[in-house]
$ cat final-v3.txt   # compact mmCIF, N, CA and C atoms
# COMPACT_ATOMS: atom_id res chain seq x y z
N MET A 225 91.70 83.42 81.86
CA MET A 225 92.26 84.62 81.29
C MET A 225 91.16 85.61 80.93
N PHE A 226 90.05 85.11 80.38
CA PHE A 226 88.92 85.98 80.02
C PHE A 226 88.36 86.67 81.26
N LEU A 227 88.27 85.92 82.37
CA LEU A 227 87.74 86.49 83.61
C LEU A 227 88.65 87.57 84.16
N SER A 228 89.95 87.39 84.08
CA SER A 228 90.85 88.41 84.61
C SER A 228 90.83 89.65 83.72
N ALA A 229 90.66 89.49 82.42
CA ALA A 229 90.54 90.65 81.52
C ALA A 229 89.24 91.39 81.79
N THR A 230 88.16 90.65 81.98
CA THR A 230 86.87 91.27 82.30
C THR A 230 86.95 91.98 83.64
N LYS A 231 87.60 91.33 84.59
CA LYS A 231 87.75 91.94 85.92
C LYS A 231 88.54 93.24 85.82
N ASN A 232 89.60 93.24 85.01
CA ASN A 232 90.40 94.45 84.83
C ASN A 232 89.60 95.56 84.16
N VAL A 233 88.78 95.21 83.18
CA VAL A 233 87.95 96.21 82.50
C VAL A 233 86.92 96.78 83.47
N VAL A 234 86.29 95.92 84.24
CA VAL A 234 85.30 96.39 85.23
C VAL A 234 85.98 97.29 86.25
N PHE A 235 87.17 96.88 86.72
CA PHE A 235 87.90 97.70 87.68
C PHE A 235 88.27 99.05 87.08
N ALA A 236 88.72 99.05 85.84
CA ALA A 236 89.10 100.30 85.17
C ALA A 236 87.88 101.21 85.00
N LEU A 237 86.74 100.64 84.62
CA LEU A 237 85.51 101.44 84.49
C LEU A 237 85.07 102.00 85.84
N PHE A 238 85.15 101.19 86.87
CA PHE A 238 84.77 101.64 88.21
C PHE A 238 85.69 102.78 88.65
N PHE A 239 86.99 102.60 88.45
CA PHE A 239 87.95 103.62 88.83
C PHE A 239 87.71 104.92 88.05
N ALA A 240 87.45 104.81 86.76
CA ALA A 240 87.18 106.00 85.92
C ALA A 240 85.92 106.70 86.38
N SER A 241 84.89 105.94 86.74
CA SER A 241 83.64 106.57 87.20
C SER A 241 83.84 107.26 88.55
N MET A 242 84.69 106.69 89.40
CA MET A 242 84.96 107.33 90.69
C MET A 242 85.71 108.65 90.50
N ILE A 243 86.64 108.67 89.57
CA ILE A 243 87.38 109.90 89.29
C ILE A 243 86.44 110.96 88.72
N ALA A 244 85.50 110.53 87.87
CA ALA A 244 84.56 111.47 87.26
C ALA A 244 83.64 112.07 88.31
N CYS A 245 83.36 111.32 89.37
CA CYS A 245 82.44 111.80 90.40
C CYS A 245 83.11 112.75 91.40
N VAL A 246 84.41 112.77 91.43
CA VAL A 246 85.13 113.65 92.35
C VAL A 246 84.88 115.09 91.93
N LYS A 247 84.49 115.89 92.90
CA LYS A 247 84.23 117.30 92.61
C LYS A 247 85.55 118.05 92.49
N HIS A 248 85.67 118.73 91.40
CA HIS A 248 86.83 119.59 91.22
C HIS A 248 86.37 120.99 91.59
N ASP A 249 86.99 121.54 92.62
CA ASP A 249 86.57 122.85 93.08
C ASP A 249 87.01 123.91 92.08
N VAL A 250 86.04 124.44 91.37
CA VAL A 250 86.30 125.44 90.35
C VAL A 250 86.29 126.81 91.01
N LYS A 251 87.32 127.56 90.75
CA LYS A 251 87.42 128.91 91.32
C LYS A 251 86.80 129.92 90.37
N LEU A 252 86.06 130.85 90.95
CA LEU A 252 85.46 131.94 90.18
C LEU A 252 86.57 132.89 89.74
N PRO A 253 86.67 133.16 88.45
CA PRO A 253 87.71 134.09 87.98
C PRO A 253 87.48 135.50 88.53
N ALA A 254 88.55 136.24 88.61
CA ALA A 254 88.47 137.63 89.07
C ALA A 254 87.60 138.43 88.11
N GLY A 255 86.83 139.33 88.66
CA GLY A 255 85.98 140.20 87.84
C GLY A 255 84.56 139.69 87.68
N TYR A 256 84.30 138.44 88.10
CA TYR A 256 82.95 137.89 88.03
C TYR A 256 82.25 138.08 89.37
N ILE A 257 80.93 138.07 89.34
CA ILE A 257 80.12 138.27 90.55
C ILE A 257 80.14 136.98 91.36
N ASN A 258 80.50 137.09 92.65
CA ASN A 258 80.57 135.89 93.49
C ASN A 258 79.17 135.39 93.85
N GLU A 259 79.13 134.16 94.40
CA GLU A 259 77.85 133.51 94.71
C GLU A 259 76.99 134.34 95.67
N GLN A 260 77.62 134.88 96.71
CA GLN A 260 76.87 135.64 97.72
C GLN A 260 76.23 136.88 97.13
N ASP A 261 76.89 137.51 96.17
CA ASP A 261 76.34 138.70 95.54
C ASP A 261 75.36 138.35 94.41
N MET A 262 75.54 137.19 93.81
CA MET A 262 74.68 136.78 92.71
C MET A 262 73.27 136.43 93.19
N VAL A 263 73.17 135.90 94.40
CA VAL A 263 71.86 135.46 94.92
C VAL A 263 70.86 136.62 94.98
N PRO A 264 71.15 137.75 95.64
CA PRO A 264 70.14 138.82 95.70
C PRO A 264 69.82 139.43 94.33
N ILE A 265 70.80 139.40 93.43
CA ILE A 265 70.54 139.92 92.08
C ILE A 265 69.52 139.03 91.39
N LEU A 266 69.72 137.72 91.47
CA LEU A 266 68.78 136.79 90.83
C LEU A 266 67.42 136.80 91.52
N VAL A 267 67.40 137.01 92.83
CA VAL A 267 66.11 137.13 93.53
C VAL A 267 65.34 138.32 92.97
N ASP A 268 66.01 139.46 92.84
CA ASP A 268 65.35 140.65 92.29
C ASP A 268 64.86 140.41 90.87
N ILE A 269 65.69 139.75 90.07
CA ILE A 269 65.30 139.48 88.68
C ILE A 269 64.06 138.59 88.63
N HIS A 270 64.03 137.55 89.45
CA HIS A 270 62.88 136.65 89.44
C HIS A 270 61.63 137.32 90.00
N LEU A 271 61.79 138.21 90.96
CA LEU A 271 60.63 138.94 91.47
C LEU A 271 60.04 139.83 90.38
N ILE A 272 60.90 140.53 89.65
CA ILE A 272 60.43 141.40 88.57
C ILE A 272 59.77 140.58 87.47
N GLU A 273 60.44 139.51 87.06
CA GLU A 273 59.88 138.69 85.99
C GLU A 273 58.57 138.04 86.41
N GLY A 274 58.49 137.63 87.68
CA GLY A 274 57.26 137.04 88.18
C GLY A 274 56.13 138.05 88.23
N ALA A 275 56.45 139.26 88.64
CA ALA A 275 55.43 140.31 88.72
C ALA A 275 54.96 140.73 87.35
N ARG A 276 55.88 140.79 86.44
CA ARG A 276 55.54 141.26 85.09
C ARG A 276 54.93 140.15 84.23
N SER A 277 55.43 138.95 84.37
CA SER A 277 54.98 137.81 83.56
C SER A 277 54.92 138.16 82.08
N GLY A 278 55.79 139.05 81.65
CA GLY A 278 55.85 139.41 80.25
C GLY A 278 54.72 140.30 79.79
N LYS A 279 53.86 140.73 80.70
CA LYS A 279 52.71 141.56 80.33
C LYS A 279 52.87 142.96 80.91
N LEU A 280 52.21 143.88 80.28
CA LEU A 280 52.22 145.26 80.77
C LEU A 280 51.23 145.36 81.93
N VAL A 281 51.72 145.82 83.06
CA VAL A 281 50.88 146.02 84.22
C VAL A 281 50.16 147.35 84.04
N LEU A 282 48.88 147.38 84.41
CA LEU A 282 48.07 148.58 84.24
C LEU A 282 48.77 149.80 84.83
N GLY A 283 48.97 150.81 84.02
CA GLY A 283 49.59 152.05 84.47
C GLY A 283 51.10 152.01 84.47
N ASP A 284 51.68 150.88 84.13
CA ASP A 284 53.14 150.74 84.13
C ASP A 284 53.65 150.95 82.72
N THR A 285 54.46 151.96 82.54
CA THR A 285 54.98 152.25 81.20
C THR A 285 56.42 151.76 81.03
N ASN A 286 57.00 151.16 82.08
CA ASN A 286 58.37 150.66 82.00
C ASN A 286 58.40 149.31 81.32
N SER A 287 59.44 149.09 80.54
CA SER A 287 59.63 147.79 79.91
C SER A 287 60.54 146.94 80.80
N LEU A 288 60.59 145.66 80.53
CA LEU A 288 61.41 144.76 81.32
C LEU A 288 62.89 145.19 81.34
N PRO A 289 63.46 145.61 80.20
CA PRO A 289 64.86 146.09 80.25
C PRO A 289 65.06 147.28 81.20
N ASP A 290 64.03 148.12 81.36
CA ASP A 290 64.14 149.22 82.32
C ASP A 290 64.28 148.69 83.74
N TYR A 291 63.54 147.63 84.05
CA TYR A 291 63.63 147.03 85.38
C TYR A 291 65.00 146.39 85.59
N TYR A 292 65.49 145.71 84.56
CA TYR A 292 66.83 145.13 84.66
C TYR A 292 67.87 146.22 84.94
N ALA A 293 67.76 147.34 84.25
CA ALA A 293 68.70 148.44 84.45
C ALA A 293 68.67 148.91 85.91
N LYS A 294 67.47 148.98 86.50
CA LYS A 294 67.35 149.39 87.90
C LYS A 294 67.99 148.36 88.83
N ILE A 295 67.84 147.08 88.50
CA ILE A 295 68.46 146.03 89.31
C ILE A 295 69.97 146.14 89.24
N TYR A 296 70.52 146.35 88.04
CA TYR A 296 71.97 146.50 87.90
C TYR A 296 72.46 147.70 88.70
N GLU A 297 71.72 148.78 88.63
CA GLU A 297 72.08 150.00 89.37
C GLU A 297 72.03 149.74 90.87
N LYS A 298 70.97 149.08 91.32
CA LYS A 298 70.81 148.78 92.75
C LYS A 298 71.99 147.98 93.30
N HIS A 299 72.48 147.04 92.50
CA HIS A 299 73.55 146.15 92.95
C HIS A 299 74.94 146.61 92.49
N ASN A 300 75.01 147.83 91.94
CA ASN A 300 76.29 148.42 91.51
C ASN A 300 77.06 147.52 90.54
N ILE A 301 76.36 147.02 89.55
CA ILE A 301 76.99 146.20 88.51
C ILE A 301 76.53 146.71 87.16
N THR A 302 77.20 146.26 86.13
CA THR A 302 76.77 146.59 84.77
C THR A 302 76.07 145.38 84.17
N GLU A 303 75.34 145.63 83.10
CA GLU A 303 74.68 144.53 82.40
C GLU A 303 75.72 143.52 81.91
N ALA A 304 76.84 144.03 81.40
CA ALA A 304 77.90 143.15 80.89
C ALA A 304 78.47 142.27 82.01
N GLU A 305 78.68 142.85 83.20
CA GLU A 305 79.20 142.07 84.32
C GLU A 305 78.22 140.95 84.69
N PHE A 306 76.94 141.29 84.73
CA PHE A 306 75.95 140.27 85.08
C PHE A 306 75.92 139.17 84.02
N LYS A 307 75.84 139.55 82.75
CA LYS A 307 75.74 138.55 81.69
C LYS A 307 76.98 137.67 81.61
N GLU A 308 78.17 138.25 81.77
CA GLU A 308 79.39 137.46 81.76
C GLU A 308 79.44 136.51 82.95
N SER A 309 79.06 137.01 84.11
CA SER A 309 79.06 136.17 85.31
C SER A 309 78.03 135.05 85.19
N PHE A 310 76.84 135.39 84.72
CA PHE A 310 75.79 134.37 84.59
C PHE A 310 76.21 133.32 83.56
N ALA A 311 76.85 133.73 82.49
CA ALA A 311 77.35 132.79 81.48
C ALA A 311 78.38 131.84 82.11
N TRP A 312 79.26 132.37 82.98
CA TRP A 312 80.24 131.52 83.66
C TRP A 312 79.53 130.49 84.54
N TYR A 313 78.51 130.93 85.28
CA TYR A 313 77.78 130.00 86.15
C TYR A 313 77.07 128.93 85.33
N THR A 314 76.54 129.28 84.17
CA THR A 314 75.86 128.27 83.35
C THR A 314 76.86 127.25 82.80
N GLU A 315 78.11 127.64 82.66
CA GLU A 315 79.15 126.70 82.24
C GLU A 315 79.63 125.82 83.39
N HIS A 316 79.26 126.18 84.62
CA HIS A 316 79.64 125.43 85.82
C HIS A 316 78.37 125.12 86.62
N PRO A 317 77.62 124.11 86.16
CA PRO A 317 76.30 123.84 86.74
C PRO A 317 76.29 123.58 88.24
N GLU A 318 77.38 123.03 88.78
CA GLU A 318 77.40 122.78 90.23
C GLU A 318 77.39 124.10 90.99
N LYS A 319 78.04 125.12 90.44
CA LYS A 319 78.05 126.44 91.07
C LYS A 319 76.69 127.12 90.89
N LEU A 320 76.12 126.99 89.69
CA LEU A 320 74.81 127.58 89.42
C LEU A 320 73.74 126.94 90.31
N LYS A 321 73.84 125.64 90.50
CA LYS A 321 72.89 124.94 91.37
C LYS A 321 72.97 125.48 92.80
N ALA A 322 74.19 125.69 93.29
CA ALA A 322 74.36 126.22 94.65
C ALA A 322 73.76 127.62 94.77
N VAL A 323 73.95 128.44 93.75
CA VAL A 323 73.37 129.79 93.75
C VAL A 323 71.86 129.70 93.76
N TYR A 324 71.29 128.87 92.88
CA TYR A 324 69.84 128.79 92.78
C TYR A 324 69.19 128.14 94.01
N GLU A 325 69.92 127.29 94.71
CA GLU A 325 69.39 126.76 95.97
C GLU A 325 69.17 127.91 96.95
N GLU A 326 70.10 128.84 97.00
CA GLU A 326 69.97 130.01 97.88
C GLU A 326 68.88 130.96 97.37
N VAL A 327 68.76 131.11 96.06
CA VAL A 327 67.71 131.95 95.48
C VAL A 327 66.34 131.40 95.89
N ILE A 328 66.17 130.10 95.79
CA ILE A 328 64.90 129.46 96.15
C ILE A 328 64.59 129.66 97.62
N VAL A 329 65.61 129.53 98.48
CA VAL A 329 65.42 129.75 99.92
C VAL A 329 64.96 131.19 100.16
N SER A 330 65.63 132.15 99.51
CA SER A 330 65.28 133.57 99.69
C SER A 330 63.87 133.86 99.20
N LEU A 331 63.51 133.34 98.03
CA LEU A 331 62.16 133.57 97.50
C LEU A 331 61.10 132.91 98.38
N SER A 332 61.41 131.75 98.94
CA SER A 332 60.47 131.08 99.84
C SER A 332 60.24 131.89 101.11
N LYS A 333 61.32 132.46 101.64
CA LYS A 333 61.19 133.30 102.84
C LYS A 333 60.33 134.53 102.54
N LEU A 334 60.55 135.14 101.38
CA LEU A 334 59.74 136.30 101.00
C LEU A 334 58.27 135.91 100.84
N GLU A 335 58.03 134.74 100.29
CA GLU A 335 56.66 134.27 100.13
C GLU A 335 55.98 134.06 101.48
N GLU A 336 56.73 133.51 102.43
CA GLU A 336 56.18 133.31 103.78
C GLU A 336 55.84 134.65 104.44
N VAL A 337 56.73 135.61 104.31
CA VAL A 337 56.49 136.94 104.90
C VAL A 337 55.26 137.58 104.27
N ASN A 338 55.16 137.50 102.95
CA ASN A 338 54.00 138.08 102.26
C ASN A 338 52.71 137.37 102.62
N ALA A 339 52.77 136.08 102.85
CA ALA A 339 51.57 135.34 103.24
C ALA A 339 51.10 135.78 104.62
N ARG A 340 52.05 136.07 105.51
CA ARG A 340 51.67 136.53 106.85
C ARG A 340 51.11 137.94 106.82
N LYS A 341 51.55 138.75 105.86
CA LYS A 341 51.08 140.13 105.76
C LYS A 341 49.74 140.24 105.04
N LYS A 342 49.33 139.19 104.34
CA LYS A 342 48.10 139.24 103.56
C LYS A 342 46.91 139.46 104.49
N PRO A 343 46.10 140.46 104.20
CA PRO A 343 44.94 140.71 105.07
C PRO A 343 43.93 139.58 104.99
N ARG A 344 43.34 139.29 106.11
CA ARG A 344 42.30 138.25 106.15
C ARG A 344 40.95 138.94 106.15
N TYR A 345 40.05 138.43 105.37
CA TYR A 345 38.69 138.95 105.29
C TYR A 345 37.74 137.90 105.85
N PRO A 346 36.65 138.33 106.49
CA PRO A 346 35.72 137.36 107.07
C PRO A 346 35.20 136.36 106.04
N GLU A 347 35.01 136.81 104.82
CA GLU A 347 34.48 135.88 103.81
C GLU A 347 35.49 134.80 103.44
N ASP A 348 36.77 135.00 103.77
CA ASP A 348 37.77 133.97 103.52
C ASP A 348 37.53 132.76 104.42
N ASP A 349 36.97 133.00 105.61
CA ASP A 349 36.72 131.93 106.56
C ASP A 349 35.39 131.24 106.31
N TYR A 350 34.56 131.82 105.47
CA TYR A 350 33.23 131.28 105.21
C TYR A 350 33.33 130.11 104.25
N GLU A 351 32.85 128.98 104.69
CA GLU A 351 32.86 127.81 103.83
C GLU A 351 31.42 127.42 103.53
N GLU A 352 31.16 127.24 102.29
CA GLU A 352 29.82 126.85 101.86
C GLU A 352 29.94 125.55 101.11
N ASP A 353 29.00 124.66 101.34
CA ASP A 353 29.00 123.39 100.62
C ASP A 353 28.49 123.66 99.22
N ILE A 354 29.40 123.64 98.27
CA ILE A 354 29.01 123.93 96.88
C ILE A 354 28.72 122.66 96.11
N SER A 355 28.69 121.53 96.83
CA SER A 355 28.44 120.26 96.15
C SER A 355 26.95 119.96 96.02
N LEU A 356 26.09 120.86 96.47
CA LEU A 356 24.65 120.64 96.39
C LEU A 356 24.17 120.77 94.94
N PRO A 357 23.16 120.01 94.56
CA PRO A 357 22.61 120.18 93.22
C PRO A 357 21.99 121.56 93.07
N VAL A 358 21.88 122.02 91.85
CA VAL A 358 21.36 123.35 91.58
C VAL A 358 19.95 123.52 92.16
N ASP A 359 19.11 122.49 92.06
CA ASP A 359 17.75 122.59 92.59
C ASP A 359 17.75 122.85 94.09
N SER A 360 18.64 122.20 94.81
CA SER A 360 18.67 122.40 96.26
C SER A 360 19.15 123.81 96.61
N LEU A 361 19.98 124.39 95.76
CA LEU A 361 20.41 125.75 96.02
C LEU A 361 19.24 126.72 95.89
N THR A 362 18.42 126.52 94.90
CA THR A 362 17.27 127.42 94.74
C THR A 362 16.28 127.20 95.86
N LYS A 363 16.09 125.97 96.33
CA LYS A 363 15.18 125.71 97.45
C LYS A 363 15.71 126.36 98.72
N ASN A 364 17.03 126.22 98.96
CA ASN A 364 17.62 126.84 100.14
C ASN A 364 17.53 128.36 100.07
N ALA A 365 17.72 128.90 98.88
CA ALA A 365 17.63 130.35 98.71
C ALA A 365 16.20 130.81 98.99
N LYS A 366 15.20 130.07 98.55
CA LYS A 366 13.79 130.42 98.80
C LYS A 366 13.48 130.36 100.27
N LYS A 367 14.00 129.33 100.98
CA LYS A 367 13.77 129.21 102.42
C LYS A 367 14.34 130.42 103.15
N LYS A 368 15.54 130.86 102.74
CA LYS A 368 16.17 132.00 103.39
C LYS A 368 15.39 133.28 103.13
N LEU A 369 14.80 133.40 101.97
CA LEU A 369 14.01 134.59 101.65
C LEU A 369 12.72 134.64 102.45
N HIS A 370 12.13 133.49 102.73
CA HIS A 370 10.86 133.45 103.45
C HIS A 370 11.02 133.51 104.95
N ARG A 371 12.20 133.48 105.48
CA ARG A 371 12.41 133.55 106.93
C ARG A 371 12.21 134.91 107.46

$ encode --input "final-v3.txt" --output "structure tokens"
Amino acid sequence: MFLSATKNVVFALFFASMIACVKHDVKLPAGYINEQDMVPILVDIHLIEGARSGKLVLGDTNSLPDYYAKIYEKHNITEAEFKESFAWYTEHPEKLKAVYEEVIVSLSKLEEVNARKKPRYPEDDYEEDISLPVDSLTKNAKKKLHR
């Protein structure tokens, strides 16, 4: 009898855990920013925050809220729409995760493009063995001067 009760409890726990793992497709309420539109907004926000890093850039008199206002304007949304939508996504982590997976893909692509555009300088290709002791550096420098 104890084994059948234990078996029933284990079965009930297994069944409950399976139900908990089933994804319930949550629908975005009307008036909130959808996933496809949220991705480029968050990409822009992360680019601005990354560039600013909370510091004033030389010659830049705009504050971070000014940049946010420009992002909202660019994407034809209001601050309230963004904040309400973002709050909804934070309450639905599976949806937020999906959005941020796309944000990461977009930022990675931008990083690749910028890396390809970065100018190469001849000194970038120059490799010097910096593991030499200080004395050998001065000896090598003297040899080069006497040549």

$ closest_residue --input "final-v3.txt" --among "A:Ala311, A:Ile301, A:Ile295, A:Leu288" --to "A:Asp268" --atoms "all atoms listed in the file"
A:Ile295

$ atom_distance --input "final-v3.txt" --atom1 "atom CA of A:Asp261" --atom2 "atom CA of A:Asn286"
25.5 Å

$ atom_distance --input "final-v3.txt" --atom1 "atom CA of A:Ala254" --atom2 "atom C of A:Tyr313"
14.8 Å

$ residues_around --input "final-v3.txt" --residues "A:Val250" --least-positions-apart "5" --cutoff "12 Å" --atoms "only C-alpha atoms" --output "PDB file with N, CA and C atoms, keeping the file's coordinate frame"
ATOM      1  N   TRP A 312      79.260 132.370  82.980  1.00  0.00           N
ATOM      2  CA  TRP A 312      80.240 131.520  83.660  1.00  0.00           C
ATOM      3  C   TRP A 312      79.530 130.490  84.540  1.00  0.00           C
ATOM      4  N   TYR A 313      78.510 130.930  85.280  1.00  0.00           N
ATOM      5  CA  TYR A 313      77.780 130.000  86.150  1.00  0.00           C
ATOM      6  C   TYR A 313      77.070 128.930  85.330  1.00  0.00           C
ATOM      7  N   GLU A 315      78.110 127.640  82.660  1.00  0.00           N
ATOM      8  CA  GLU A 315      79.150 126.700  82.240  1.00  0.00           C
ATOM      9  C   GLU A 315      79.630 125.820  83.390  1.00  0.00           C
ATOM     10  N   HIS A 316      79.260 126.180  84.620  1.00  0.00           N
ATOM     11  CA  HIS A 316      79.640 125.430  85.820  1.00  0.00           C
ATOM     12  C   HIS A 316      78.370 125.120  86.620  1.00  0.00           C
ATOM     13  N   PRO A 317      77.620 124.110  86.160  1.00  0.00           N
ATOM     14  CA  PRO A 317      76.300 123.840  86.740  1.00  0.00           C
ATOM     15  C   PRO A 317      76.290 123.580  88.240  1.00  0.00           C
ATOM     16  N   GLU A 318      77.380 123.030  88.780  1.00  0.00           N
ATOM     17  CA  GLU A 318      77.400 122.780  90.230  1.00  0.00           C
ATOM     18  C   GLU A 318      77.390 124.100  90.990  1.00  0.00           C
ATOM     19  N   LYS A 319      78.040 125.120  90.440  1.00  0.00           N
ATOM     20  CA  LYS A 319      78.050 126.440  91.070  1.00  0.00           C
ATOM     21  C   LYS A 319      76.690 127.120  90.890  1.00  0.00           C
ATOM     22  N   LEU A 320      76.120 126.990  89.690  1.00  0.00           N
ATOM     23  CA  LEU A 320      74.810 127.580  89.420  1.00  0.00           C
ATOM     24  C   LEU A 320      73.740 126.940  90.310  1.00  0.00           C
TER      25      LEU A 320
END

$ residues_around --input "final-v3.txt" --residues "A:Glu305" --least-positions-apart "5" --cutoff "8 Å" --atoms "all atoms listed in the file" --output "VMD selection string"
chain A and resid 255 to 257 310 to 311
